[in-house]
Structure formats: structure tokens, C-alpha cells
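Source file work.pdb; content: PDB, C-alpha atoms.
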```pdb
ATOM      1  CA  MET A   1    -117.847  52.953  40.856
ATOM      2  CA  PRO A   2    -121.456  52.705  39.800
ATOM      3  CA  THR A   3    -122.617  49.604  38.010
ATOM      4  CA  ARG A   4    -124.387  49.803  34.777
ATOM      5  CA  ARG A   5    -127.596  48.064  34.279
ATOM      6  CA  ARG A   6    -128.739  46.925  30.993
ATOM      7  CA  GLN A   7    -131.961  48.353  29.824
ATOM      8  CA  THR A   8    -134.558  46.013  28.514
ATOM      9  CA  GLY A   9    -137.765  46.545  26.717
ATOM     10  CA  ALA A  10    -138.885  49.311  24.373
ATOM     11  CA  ASN A  11    -136.506  51.947  25.789
ATOM     12  CA  ALA A  12    -133.441  49.791  25.393
ATOM     13  CA  ARG A  13    -130.579  51.245  23.396
ATOM     14  CA  PRO A  14    -128.602  48.949  21.167
ATOM     15  CA  HIS A  15    -125.404  47.904  22.862
ATOM     16  CA  ALA A  16    -122.403  47.873  20.499
ATOM     17  CA  VAL A  17    -119.708  45.400  21.312
ATOM     18  CA  GLY A  18    -116.574  47.122  22.376
ATOM     19  CA  ASN A  19    -118.097  50.589  22.648
ATOM     20  CA  GLU A  20    -115.898  51.294  25.598
ATOM     21  CA  GLY A  21    -113.821  53.558  23.321
ATOM     22  CA  ASP A  22    -111.804  50.975  21.384
ATOM     23  CA  GLY A  23    -113.608  51.568  18.060
ATOM     24  CA  GLY A  24    -114.383  47.849  17.608
ATOM     25  CA  GLY A  25    -117.930  48.455  16.425
ATOM     26  CA  MET A  26    -116.771  50.631  13.591
ATOM     27  CA  GLU A  27    -114.252  48.021  12.451
ATOM     28  CA  ARG A  28    -116.873  45.323  12.260
ATOM     29  CA  GLU A  29    -119.229  47.544  10.323
ATOM     30  CA  ASN A  30    -116.481  48.133   7.718
ATOM     31  CA  LEU A  31    -115.403  44.502   7.650
ATOM     32  CA  ALA A  32    -118.421  43.227   5.638
ATOM     33  CA  PRO A  33    -117.902  45.594   2.651
ATOM     34  CA  ILE A  34    -114.162  44.852   2.673
ATOM     35  CA  ILE A  35    -114.823  41.110   2.569
ATOM     36  CA  SER A  36    -117.387  41.576  -0.220
ATOM     37  CA  ALA A  37    -115.018  43.726  -2.273
ATOM     38  CA  SER A  38    -112.170  41.244  -1.729
ATOM     39  CA  ALA A  39    -114.375  38.358  -2.828
ATOM     40  CA  ALA A  40    -115.421  40.260  -5.959
ATOM     41  CA  LEU A  41    -111.807  41.142  -6.741
ATOM     42  CA  ALA A  42    -110.733  37.523  -6.212
ATOM     43  CA  GLY A  43    -113.531  36.391  -8.547
ATOM     44  CA  VAL A  44    -112.399  38.818 -11.247
ATOM     45  CA  LEU A  45    -108.769  37.713 -10.856
ATOM     46  CA  ILE A  46    -109.674  34.033 -11.048
ATOM     47  CA  SER A  47    -111.886  34.672 -14.075
ATOM     48  CA  GLN A  48    -109.089  36.569 -15.826
ATOM     49  CA  ALA A  49    -106.572  33.835 -15.005
ATOM     50  CA  VAL A  50    -108.890  31.155 -16.415
ATOM     51  CA  THR A  51    -109.522  33.265 -19.538
ATOM     52  CA  PHE A  52    -105.785  33.804 -20.022
ATOM     53  CA  LEU A  53    -105.058  30.089 -19.548
ATOM     54  CA  ARG A  54    -107.785  29.110 -21.989
ATOM     55  CA  SER A  55    -106.553  31.661 -24.526
ATOM     56  CA  SER A  56    -103.002  30.309 -24.196
ATOM     57  CA  LEU A  57    -104.192  26.740 -24.672
ATOM     58  CA  ASP A  58    -106.287  27.745 -27.709
ATOM     59  CA  LYS A  59    -103.296  29.526 -29.268
ATOM     60  CA  LYS A  60    -101.079  26.514 -28.657
ATOM     61  CA  HIS A  61    -103.707  24.218 -30.190
ATOM     62  CA  ASP A  62    -104.070  26.504 -33.232
ATOM     63  CA  ARG A  63    -100.280  26.642 -33.633
ATOM     64  CA  ASN A  64     -99.996  22.846 -33.429
ATOM     65  CA  LYS A  65    -102.817  22.488 -35.950
ATOM     66  CA  LEU A  66    -101.095  24.887 -38.367
ATOM     67  CA  LEU A  67     -97.753  23.079 -37.965
ATOM     68  CA  ARG A  68     -99.418  19.731 -38.635
ATOM     69  CA  GLN A  69    -101.073  21.078 -41.789
ATOM     70  CA  LYS A  70     -97.836  22.620 -43.049
ATOM     71  CA  TYR A  71     -95.907  19.437 -42.225
ATOM     72  CA  GLU A  72     -98.361  17.401 -44.262
ATOM     73  CA  GLU A  73     -98.038  19.887 -47.118
ATOM     74  CA  MET A  74     -94.236  19.700 -46.940
ATOM     75  CA  MET A  75     -94.386  15.883 -46.998
ATOM     76  CA  PHE A  76     -96.687  15.950 -50.041
ATOM     77  CA  HIS A  77     -94.232  18.199 -51.890
ATOM     78  CA  PHE A  78     -91.335  15.938 -50.910
ATOM     79  CA  THR A  79     -93.231  12.892 -52.161
ATOM     80  CA  ALA A  80     -94.066  14.644 -55.432
ATOM     81  CA  SER A  81     -90.391  15.619 -55.817
ATOM     82  CA  LEU A  82     -89.416  11.955 -55.978
ATOM     83  CA  GLN A  83     -90.849  11.874 -59.500
ATOM     84  CA  TYR A  84     -88.442  14.624 -60.655
ATOM     85  CA  THR A  85     -85.475  12.387 -61.490
ATOM     86  CA  LYS A  86     -87.709   9.883 -63.293
ATOM     87  CA  ASN A  87     -89.163  12.702 -65.380
ATOM     88  CA  LEU A  88     -85.663  13.960 -66.198
ATOM     89  CA  ASP A  89     -84.405  10.484 -67.082
ATOM     90  CA  SER A  90     -87.261   9.898 -69.513
ATOM     91  CA  CYS A  91     -86.738  13.117 -71.511
ATOM     92  CA  THR A  92     -85.986  12.494 -75.183
ATOM     93  CA  THR A  93     -85.114  16.027 -76.285
ATOM     94  CA  LYS A  94     -82.912  18.728 -74.871
ATOM     95  CA  ALA A  95     -85.954  21.039 -74.745
ATOM     96  CA  GLU A  96     -87.715  18.544 -72.455
ATOM     97  CA  VAL A  97     -84.671  18.402 -70.180
ATOM     98  CA  LEU A  98     -84.394  22.194 -70.039
ATOM     99  CA  ALA A  99     -88.113  22.492 -69.280
ATOM    100  CA  LEU A 100     -87.408  20.607 -66.054
ATOM    101  CA  SER A 101     -84.581  22.867 -64.949
ATOM    102  CA  GLN A 102     -86.304  23.683 -61.655
ATOM    103  CA  ALA A 103     -87.086  21.050 -59.043
ATOM    104  CA  VAL A 104     -90.353  22.797 -58.160
ATOM    105  CA  ASP A 105     -91.737  20.358 -55.594
ATOM    106  CA  ALA A 106     -88.435  20.017 -53.747
ATOM    107  CA  ARG A 107     -88.175  23.814 -53.610
ATOM    108  CA  LYS A 108     -91.713  24.105 -52.249
ATOM    109  CA  ALA A 109     -90.800  21.628 -49.517
ATOM    110  CA  LEU A 110     -87.676  23.665 -48.758
ATOM    111  CA  SER A 111     -89.729  26.863 -48.553
ATOM    112  CA  LEU A 112     -92.031  25.287 -45.987
ATOM    113  CA  CYS A 113     -89.021  24.088 -43.995
ATOM    114  CA  LEU A 114     -87.554  27.591 -44.035
ATOM    115  CA  LEU A 115     -90.802  29.031 -42.698
ATOM    116  CA  TYR A 116     -91.927  26.380 -40.220
ATOM    117  CA  PHE A 117     -89.398  23.581 -39.671
ATOM    118  CA  PRO A 118     -85.865  24.815 -38.971
ATOM    119  CA  ASP A 119     -84.743  21.287 -38.005
ATOM    120  CA  LEU A 120     -85.274  20.168 -41.599
ATOM    121  CA  VAL A 121     -83.775  23.108 -43.510
ATOM    122  CA  ASP A 122     -80.268  21.693 -43.983
ATOM    123  CA  ALA A 123     -81.479  18.279 -45.146
ATOM    124  CA  SER A 124     -84.084  19.819 -47.448
ATOM    125  CA  ASN A 125     -81.570  22.238 -48.940
ATOM    126  CA  ALA A 126     -79.038  19.442 -49.491
ATOM    127  CA  TYR A 127     -81.752  17.437 -51.265
ATOM    128  CA  VAL A 128     -82.589  20.395 -53.543
ATOM    129  CA  GLN A 129     -78.893  20.861 -54.309
ATOM    130  CA  GLY A 130     -78.627  17.145 -55.085
ATOM    131  CA  GLN A 131     -81.469  17.476 -57.573
ATOM    132  CA  VAL A 132     -79.766  20.494 -59.148
ATOM    133  CA  MET A 133     -76.541  18.513 -59.568
ATOM    134  CA  TYR A 134     -78.531  15.638 -61.093
ATOM    135  CA  PHE A 135     -80.088  18.041 -63.593
ATOM    136  CA  VAL A 136     -76.672  19.518 -64.463
ATOM    137  CA  SER A 137     -75.282  16.032 -65.040
ATOM    138  CA  LEU A 138     -78.138  15.167 -67.412
ATOM    139  CA  VAL A 139     -78.196  18.410 -69.338
ATOM    140  CA  THR A 140     -74.434  18.450 -69.944
ATOM    141  CA  ALA A 141     -74.357  14.819 -71.065
ATOM    142  CA  TYR A 142     -77.391  14.983 -73.346
ATOM    143  CA  LYS A 143     -76.831  14.831 -77.102
ATOM    144  CA  ASP A 144     -79.850  15.470 -79.332
ATOM    145  CA  HIS A 145     -78.577  13.336 -82.196
ATOM    146  CA  ILE A 146     -78.386  10.161 -80.042
ATOM    147  CA  PRO A 147     -81.758   8.349 -79.922
ATOM    148  CA  PHE A 148     -81.747   7.474 -76.216
ATOM    149  CA  ASN A 149     -83.391   9.161 -73.267
ATOM    150  CA  ALA A 150     -81.506  11.597 -71.037
ATOM    151  CA  GLY A 151     -80.970   9.115 -68.190
ATOM    152  CA  SER A 152     -79.352   6.524 -70.449
ATOM    153  CA  GLN A 153     -77.163   9.129 -72.142
ATOM    154  CA  ALA A 154     -75.975  10.541 -68.809
ATOM    155  CA  LEU A 155     -74.857   7.085 -67.665
ATOM    156  CA  VAL A 156     -72.862   6.645 -70.875
ATOM    157  CA  HIS A 157     -71.484  10.162 -71.456
ATOM    158  CA  ASP A 158     -70.907  11.441 -67.910
ATOM    159  CA  PRO A 159     -68.568   9.248 -65.830
ATOM    160  CA  GLN A 160     -69.619  11.170 -62.699
ATOM    161  CA  HIS A 161     -73.348  10.682 -63.242
ATOM    162  CA  GLN A 162     -73.577   7.501 -61.159
ATOM    163  CA  ALA A 163     -71.797   9.234 -58.258
ATOM    164  CA  VAL A 164     -74.172  12.223 -58.573
ATOM    165  CA  SER A 165     -77.139   9.858 -58.615
ATOM    166  CA  ASP A 166     -75.872   7.967 -55.553
ATOM    167  CA  ASP A 167     -75.257  11.241 -53.704
ATOM    168  CA  LEU A 168     -78.800  12.415 -54.473
ATOM    169  CA  ASN A 169     -80.158   9.091 -53.242
ATOM    170  CA  ARG A 170     -78.229   9.409 -49.943
ATOM    171  CA  LYS A 171     -79.553  12.946 -49.454
ATOM    172  CA  LYS A 172     -83.078  11.803 -50.230
ATOM    173  CA  ILE A 173     -82.894   8.945 -47.720
ATOM    174  CA  TYR A 174     -81.434  11.207 -45.019
ATOM    175  CA  TYR A 175     -84.122  13.857 -45.600
ATOM    176  CA  GLU A 176     -86.890  11.263 -45.632
ATOM    177  CA  ASN A 177     -85.671   9.682 -42.383
ATOM    178  CA  LEU A 178     -85.456  13.110 -40.776
ATOM    179  CA  ILE A 179     -89.026  13.876 -41.873
ATOM    180  CA  VAL A 180     -90.209  10.664 -40.244
ATOM    181  CA  SER A 181     -88.261  11.212 -37.011
ATOM    182  CA  LYS A 182     -89.414  14.841 -36.596
ATOM    183  CA  ALA A 183     -93.059  14.084 -37.381
ATOM    184  CA  LYS A 184     -93.898  13.423 -33.713
ATOM    185  CA  TYR A 185     -92.864  17.006 -32.838
ATOM    186  CA  TYR A 186     -94.737  18.749 -35.621
ATOM    187  CA  THR A 187     -97.877  16.668 -36.110
ATOM    188  CA  LYS A 188     -99.499  16.765 -32.681
ATOM    189  CA  ALA A 189    -102.859  18.514 -32.639
TER     190      ALA A 189
END
```
Whole structure, C-alpha cells version:
Amino acid sequence: MPTRRRQTGANARPHAVGNEGDGGGMERENLAPIISASAALAGVLISQAVTFLRSSLDKKHDRNKLLRQKYEEMMFHFTASLQYTKNLDSCTTKAEVLALSQAVDARKALSLCLLYFPDLVDASNAYVQGQVMYFVSLVTAYKDHIPFNAGSQALVHDPQHQAVSDDLNRKKIYYENLIVSKAKYYTKA
């Protein structure tokens, strides 16, 4: 078997590693573009993953911000609704009592609960119903010819009025406590 000598100098041919017929030179030539394409693909995938994660975090932040704003709005309506019974009690004519037939602020709070806070719906609805029963008690007991306000007349003419008032107070306290206990879930930003 003849030995091969390596040529040197200007007439030297490039010697490919593994050109003994195993195709190794061709594999190495293709390896660089494959690595480059893989690196580019990995970069795109990582970029997309980071974009998706950031988008998810932004959506969660926006949702938490909206919930906090709506929770504050619901609490403001609840607080305003506390004036409803005082307004009813101080009415001096049947027309004034009838003008307050709707517990507007309590209903606004209930609407927000229905849309955003399912944990509070039952307590809010019970509170609204308590206010309705309070109104019914006052309007049925009120007599125009008696010179006292509606609250005083209801205590005198409706034996159930004190029980209705106590029931409304229990519902109010329960709802208020629930608002406070659920605040940590709905008010994070």
C-alpha cells in the first residue's frame, strides 16, 4: 500500500477532515447554519414567551385595578345607603315617604356585586330586601293626619316595625363585615 504524502506550499490542496468517504466534511459545513438557525429560533421563542408572560401580567394587573376601583365604588354606594333609613324616618308626609320607595344606593351596590363580586351577592341582596321591608313597614304605618315623622309613627302603629328594623340592622352588619373581610381579595393592585 502506497503512503500518501502531504503536499505543502503553493500547490497544496486543502485537506478535508474525514474525506476518506465518510461525508464528515459535508456535515460540518452544514452544522454552522443549523446552529445559527436554531439560535435564531430559540431567540424568537424566548422573546415570544417573555412577551406572553408580560402581557399576562399586564392583564392581571389591569383586572386587579378594575376590581379595586369597582370595590371602592360598591363601598361608597353601601356607605351612602346607610342614610336611607334616616331619610325615611324623618319624612313628614306620605308623599315624602313614597318618593323614597327605592333604595337607590343599596341597589347600585348590589348591581356592582352581581357584576364583579359574587361572594357578596347574597349579603347585598339580603340588605336590599331588608331596606324594602323597612320601607313597607313605614309606608303602611304612616298616617298623614298625625303630626309625627314616619319613623315615630311606624314604632307606634306597626308592632312589627322594631323587628323589621333589627333584622335590617343585622343584615347591614353582616354585609359590612363581609365587605371588610373580602377587601383583601378585591383591592390588591
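Counting all atoms listed in the file, the residue from A:Asp89, A:Asp62, A:Glu29, A:Asp105 that sits nearest to Met75 of chain A is A:Asp105.
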Which residue of A:Arg68, A:Lys184, A:Leu138, A:Asn87 approaches Gln162 of chain A most closely, using all atoms listed in the file:
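Under the stated criterion, the closest residue is A:Leu138.
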In Å to one decimal, how far is atom CA of Ala163 of chain A from atom CA of Phe148 of chain A?
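It comes out at 20.6 Å.
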Quick one: which residues end up in the PyMOL selection byres ((chain A and resi 126) around 10) for this structure, as JSON, numbers by chain?
{"A": [110, 121, 122, 123, 124, 125, 127, 128, 129, 130, 131, 132, 167, 168, 171, 172, 174, 175]}
Using the chain letters and numbers from the file, give me the residues hit by the PyMOL selection byres ((chain A and resi 186) around 8), as number ranges by chain.
A: 64, 67-68, 71, 182-185, 187-188
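Take the candidates A:Phe117, A:Tyr84, A:Tyr134, A:Phe52 and check each one against Leu178 of chain A using only C-alpha atoms; the shortest distance goes to A:Phe117.
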Between A:Gln102, A:Ser55, A:Thr92, A:Gln83, which is the closest to His145 of chain A once you count only C-alpha atoms?
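Nearest to His145 of chain A: A:Thr92.
Remark: for Ala99 of chain A, the closest of the candidate residues A:Lys65, A:Ile46, A:Val139, A:Leu53 is A:Val139 (distances computed over all atoms listed in the file).
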What does the structure give for the distance between atom CA of Thr93 of chain A and atom CA of Val164 of chain A, in Å to one decimal?
21.2 Å
Atom CA of Leu155 of chain A to atom CA of Lys86 of chain A, distance in Å rounded to a single decimal
13.9 Å
Given 6 Å on each side, where is the centre and what are the edge lengths in Å to one decimal of the axis-aligned box enclosing the listed atoms of segment 78-86 of chain A, as lines of an AutoDock Vina configuration file?
```
center_x = -89.8
center_y = 12.9
center_z = -57.1
size_x = 20.6
size_y = 18.1
size_z = 24.4
```
Might you pull out every residue within 12 Å of Ala80 of chain A, with all atoms listed in the file counted and same-chain residues fewer than 6 positions away left off, and present them as a short mmCIF file (atom, residue, chain, number, x, y, z; two decimals) with C-alpha atoms, keeping the file's coordinate frame?
```cif
data_model
loop_
_atom_site.label_atom_id
_atom_site.label_comp_id
_atom_site.auth_asym_id
_atom_site.auth_seq_id
_atom_site.Cartn_x
_atom_site.Cartn_y
_atom_site.Cartn_z
CA GLU A 73 -98.04 19.89 -47.12
CA MET A 74 -94.24 19.70 -46.94
CA LYS A 86 -87.71 9.88 -63.29
CA ASN A 87 -89.16 12.70 -65.38
CA ALA A 103 -87.09 21.05 -59.04
CA VAL A 104 -90.35 22.80 -58.16
CA ASP A 105 -91.74 20.36 -55.59
CA ALA A 106 -88.44 20.02 -53.75
CA ARG A 107 -88.18 23.81 -53.61
CA LYS A 108 -91.71 24.10 -52.25
CA ALA A 109 -90.80 21.63 -49.52
#
```
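With distances taken over all atoms listed in the file, A:Val97 is the one residue among A:Leu57, A:Val97, A:Val50, A:Leu82 lying closest to Asn149 of chain A.
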